[in-house]
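Peer 1: Sharing a structure, written as structure tokens. Questions coming.
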Amino acid sequence: KAGVTQTPRYLIKTRGQQVTLSCSPISGHRSVSWYQQTPGQGLQFLFEYFSETQRNKGNFPGRFSGRQFSNSRSEMNVSTLELGDSALYLCASSLSNYNEQFFGPGTRLTVL
Amino acid sequence: ELKVEQNPLFLSMQEGKNYTIYCNYSTTSDRLYWYRQDPGKSLESLFVLLSNGAVKQEGRLMASLDTKARLSTLHITAAVHDLSATYFCAGSRLTFGEGTQLTVNP
């Protein structure tokens, strides 16, 4: 069974640009969550989607947005990038909101 | 709002020794998760604890949950170098502790 995949794995952008990250969950998983990991702030929750509906949202500015498609794949978008957005962005999938999460390898975003 | 605190945040131990990582959470949480992260890698699920008194063991790691005390522990028995990693607990699926960076020295 294939695991959670995230693309791209690495990304370099400059301030002011926007970026879209993609996450493909494990087959059959309908819940996808996104996290930002930085050395200073640790693991912070961004969004959670279940069956194309955003169920929870973390405390991030509106520049961070996401969506989930009918095949459960999810994307997150960050507009007007800032230096502080440099981080490892992790996606996790699970069967439902209450099941164990399985994490993807992450996308490492560097903003210059 | 659920808050999760781990201690210690840094742990350096010798091979063969035992130690415990503590995870306290602030409000009721119906389950507790433990994850492992190796440097530069993603998170690997270790344990899911679903009820008060739950205990799970895998190799040299044993996790337990006391919902009344709002405390979970991750006990390491006879540590080996391969256990060196950062360990996270999550009081709900969405709220993680700061992580405990474990280094096991030969």
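Naming works like this for the structure tokens: A, B, ... for the chains as they're shown, residue 1 at the start of each chain, ligands 1 onward in shown order.
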Extract, using only C-alpha atoms, all DNA, RNA and protein residues at most 12 Å from Thr14 in chain A, discarding same-chain residues fewer than 6 positions from it, and format them as a PyMOL selection string.
Peer 2: chain A and resi 79-86+109-112
Peer 1: Give me the residues of chain B that have any atom at most 6 Å from an atom of chain A; for each, the nearest atom pair and the distance in Å, rounded to one decimal. Use only C-alpha atoms, sort by chain and number, and format it as a Markdown table.
Peer 2:
| residue | atom | partner | partner_atom | distance |
| --- | --- | --- | --- | --- |
| B:Ser42 | CA | A:Pro105 | CA | 4.9 |
| B:Leu43 | CA | A:Phe103 | CA | 5.9 |
| B:Leu94 | CA | A:Phe45 | CA | 5.9 |
| B:Glu98 | CA | A:Gly42 | CA | 5.9 |
Peer 1: My list of candidates is B:Ile76, B:Leu71, B:Leu2, B:Met13. Which is closest to Gln57 in chain B when distances are computed with only C-alpha atoms?
Peer 2: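 When distances to Gln57 in chain B are compared using only C-alpha atoms, the smallest one comes from B:Ile76.
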Peer 1: List the spatial neighbours of range 19-22 of chain A as a ChimeraX atom specification - criterion: any atom at most 6 Å away, only C-alpha atoms, same-chain residues fewer than 5 positions off excluded.
Peer 2: /A:6-7,74-78
Peer 1: Could you please determine the separation between CA of Thr103 in chain B and CA of Ser84 in chain B in Å, to one decimal place?
Peer 2: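 That distance, rounded to one decimal, is 4.7 Å.
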Peer 1: Using only C-alpha atoms, determine which residues lie at most 10 Å from Asp82 in chain B, disregarding the query and same-chain residues fewer than 6 positions distant; provide the list as a PyMOL selection string.
Peer 2: chain B and resi 15+103-105
Peer 1: Could you jot down the CA of Tyr49 in chain A to CA of Gly62 in chain A separation for me, Å, one decimal place?
Peer 2: 16.5 Å
Peer 1: Have a look at CA of Pro8 in chain B and CA of Thr20 in chain B and let me know their distance in Å, one decimal.
Peer 2: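 CA of Thr20 in chain B lies at a distance of 9.0 Å from CA of Pro8 in chain B.
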Peer 1: Residues near range 22-29 of chain B, anyone? I mean within 6 Å using only C-alpha atoms, not counting same-chain ones fewer than 6 positions away, as a PDB file with N, CA, C and O atoms, in the first residue's frame.
Peer 2:
ATOM      1  N   LEU B   2      -6.550  23.004  23.793  1.00  0.00           N
ATOM      2  CA  LEU B   2      -5.651  21.971  24.298  1.00  0.00           C
ATOM      3  C   LEU B   2      -4.199  22.422  24.178  1.00  0.00           C
ATOM      4  O   LEU B   2      -3.772  22.906  23.138  1.00  0.00           O
ATOM      5  N   LYS B   3      -3.460  22.254  25.272  1.00  0.00           N
ATOM      6  CA  LYS B   3      -2.017  22.499  25.240  1.00  0.00           C
ATOM      7  C   LYS B   3      -1.318  21.222  25.667  1.00  0.00           C
ATOM      8  O   LYS B   3      -1.771  20.531  26.580  1.00  0.00           O
ATOM      9  N   VAL B   4      -0.218  20.942  25.015  1.00  0.00           N
ATOM     10  CA  VAL B   4       0.528  19.715  25.288  1.00  0.00           C
ATOM     11  C   VAL B   4       1.967  20.101  25.612  1.00  0.00           C
ATOM     12  O   VAL B   4       2.600  20.836  24.857  1.00  0.00           O
ATOM     13  N   GLU B   5       2.442  19.614  26.738  1.00  0.00           N
ATOM     14  CA  GLU B   5       3.812  19.917  27.158  1.00  0.00           C
ATOM     15  C   GLU B   5       4.587  18.634  27.391  1.00  0.00           C
ATOM     16  O   GLU B   5       4.096  17.729  28.063  1.00  0.00           O
ATOM     17  N   GLN B   6       5.780  18.602  26.858  1.00  0.00           N
ATOM     18  CA  GLN B   6       6.645  17.449  27.052  1.00  0.00           C
ATOM     19  C   GLN B   6       7.834  17.835  27.908  1.00  0.00           C
ATOM     20  O   GLN B   6       8.308  18.969  27.858  1.00  0.00           O
ATOM     21  N   ASN B   7       8.316  16.889  28.665  1.00  0.00           N
ATOM     22  CA  ASN B   7       9.607  17.069  29.318  1.00  0.00           C
ATOM     23  C   ASN B   7      10.261  15.728  29.551  1.00  0.00           C
ATOM     24  O   ASN B   7       9.580  14.715  29.720  1.00  0.00           O
ATOM     25  N   ARG B  70      -4.099  13.461  33.218  1.00  0.00           N
ATOM     26  CA  ARG B  70      -3.778  14.115  31.937  1.00  0.00           C
ATOM     27  C   ARG B  70      -2.287  13.963  31.639  1.00  0.00           C
ATOM     28  O   ARG B  70      -1.588  14.936  31.344  1.00  0.00           O
ATOM     29  N   LEU B  71      -1.837  12.725  31.729  1.00  0.00           N
ATOM     30  CA  LEU B  71      -0.415  12.440  31.587  1.00  0.00           C
ATOM     31  C   LEU B  71      -0.218  11.172  30.774  1.00  0.00           C
ATOM     32  O   LEU B  71      -0.893  10.159  30.982  1.00  0.00           O
ATOM     33  N   SER B  72       0.717  11.254  29.844  1.00  0.00           N
ATOM     34  CA  SER B  72       1.160  10.064  29.139  1.00  0.00           C
ATOM     35  C   SER B  72       2.671   9.966  29.307  1.00  0.00           C
ATOM     36  O   SER B  72       3.356  10.980  29.421  1.00  0.00           O
ATOM     37  N   THR B  73       3.164   8.747  29.351  1.00  0.00           N
ATOM     38  CA  THR B  73       4.603   8.548  29.474  1.00  0.00           C
ATOM     39  C   THR B  73       5.090   7.632  28.365  1.00  0.00           C
ATOM     40  O   THR B  73       4.360   6.746  27.891  1.00  0.00           O
TER      41      THR B  73
END
Peer 1: Would you list, as a VMD selection string, the residues of chain A that end up in strand (DSSP E) under DSSP run on this structure's backbone?
Peer 2: chain A and resid 5 to 7 10 to 13 19 to 24 31 to 38 42 to 50 53 to 57 64 to 68 74 to 78 87 to 94 102 to 103 107 to 111
Peer 1: Name all residues at most 6 Å from range 88-91 of chain B (count only C-alpha atoms; drop same-chain ones fewer than 4 positions away) and give them as a list of chain:residue names.
Peer 2: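 After dropping sequence-adjacent residues, the list is B:Leu32, B:Tyr33, B:Trp34, B:Tyr35, B:Thr95, B:Phe96, B:Gly97, B:Gly99.
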Peer 1: Let me see the file: selected residues, C-alpha atoms, as a PDB file, in the first residue's frame.
Peer 2:
ATOM      1  CA  LEU B  32      -2.989  10.356  22.886  1.00  0.00           C
ATOM      2  CA  TYR B  33      -0.492   9.738  20.133  1.00  0.00           C
ATOM      3  CA  TRP B  34       3.265   9.234  20.112  1.00  0.00           C
ATOM      4  CA  TYR B  35       5.417   9.829  17.049  1.00  0.00           C
ATOM      5  CA  THR B  95      -1.983  19.542  18.853  1.00  0.00           C
ATOM      6  CA  PHE B  96       1.578  18.394  19.286  1.00  0.00           C
ATOM      7  CA  GLY B  97       4.027  18.783  22.118  1.00  0.00           C
ATOM      8  CA  GLY B  99       9.165  17.227  21.061  1.00  0.00           C
TER       9      GLY B  99
END
Peer 1: Out of B:Leu9, B:Thr86, B:Leu74, B:Ser92, which residue has the shortest atom-to-atom distance to Lys41 in chain B when counting only C-alpha atoms?
Peer 2: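 Closest residue, counting only C-alpha atoms: B:Thr86.
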Peer 1: For Glu52 in chain A, list every protein, DNA or RNA residue within 7 Å, evaluated using only C-alpha atoms, and leave out those in the same chain fewer than 5 positions away; present the list as a ChimeraX atom specification.
Peer 2: /A:67-70,72
Peer 1: Please produce an output containing all heavy atoms for each residue in the selection, written as an mmCIF file, in the first residue's frame.
Peer 2:
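The result, stored in out-v5.cif:
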data_model
loop_
_atom_site.group_PDB
_atom_site.id
_atom_site.type_symbol
_atom_site.label_atom_id
_atom_site.label_comp_id
_atom_site.auth_asym_id
_atom_site.auth_seq_id
_atom_site.Cartn_x
_atom_site.Cartn_y
_atom_site.Cartn_z
ATOM 1 N N ARG A 67 -7.364 23.225 0.072
ATOM 2 C CA ARG A 67 -8.583 22.618 -0.427
ATOM 3 C C ARG A 67 -8.355 21.120 -0.573
ATOM 4 O O ARG A 67 -7.210 20.647 -0.602
ATOM 5 C CB ARG A 67 -9.002 23.228 -1.754
ATOM 6 C CG ARG A 67 -7.978 23.120 -2.867
ATOM 7 C CD ARG A 67 -8.523 23.734 -4.133
ATOM 8 N NE ARG A 67 -7.539 23.753 -5.216
ATOM 9 C CZ ARG A 67 -7.847 24.036 -6.472
ATOM 10 N NH1 ARG A 67 -9.085 24.327 -6.813
ATOM 11 N NH2 ARG A 67 -6.909 24.041 -7.407
ATOM 12 N N GLN A 68 -9.456 20.411 -0.666
ATOM 13 C CA GLN A 68 -9.389 18.968 -0.883
ATOM 14 C C GLN A 68 -10.299 18.624 -2.038
ATOM 15 O O GLN A 68 -11.420 19.140 -2.150
ATOM 16 C CB GLN A 68 -9.805 18.201 0.372
ATOM 17 C CG GLN A 68 -9.595 16.691 0.249
ATOM 18 C CD GLN A 68 -10.028 15.936 1.482
ATOM 19 O OE1 GLN A 68 -10.966 16.326 2.175
ATOM 20 N NE2 GLN A 68 -9.339 14.837 1.779
ATOM 21 N N PHE A 69 -9.832 17.728 -2.867
ATOM 22 C CA PHE A 69 -10.580 17.335 -4.045
ATOM 23 C C PHE A 69 -11.395 16.069 -3.779
ATOM 24 O O PHE A 69 -11.229 15.416 -2.757
ATOM 25 C CB PHE A 69 -9.621 17.127 -5.216
ATOM 26 C CG PHE A 69 -8.805 18.357 -5.541
ATOM 27 C CD1 PHE A 69 -7.530 18.514 -5.033
ATOM 28 C CD2 PHE A 69 -9.330 19.367 -6.333
ATOM 29 C CE1 PHE A 69 -6.773 19.641 -5.307
ATOM 30 C CE2 PHE A 69 -8.579 20.503 -6.616
ATOM 31 C CZ PHE A 69 -7.317 20.637 -6.097
ATOM 32 N N SER A 70 -12.233 15.731 -4.729
ATOM 33 C CA SER A 70 -13.129 14.589 -4.545
ATOM 34 C C SER A 70 -12.364 13.274 -4.418
ATOM 35 O O SER A 70 -12.869 12.301 -3.854
ATOM 36 C CB SER A 70 -14.133 14.503 -5.685
ATOM 37 O OG SER A 70 -13.459 14.397 -6.923
ATOM 38 N N SER A 72 -9.768 12.965 -2.643
ATOM 39 C CA SER A 72 -9.107 13.155 -1.341
ATOM 40 C C SER A 72 -7.738 13.822 -1.437
ATOM 41 O O SER A 72 -7.176 14.177 -0.396
ATOM 42 C CB SER A 72 -8.985 11.852 -0.546
ATOM 43 O OG SER A 72 -10.263 11.385 -0.194
#
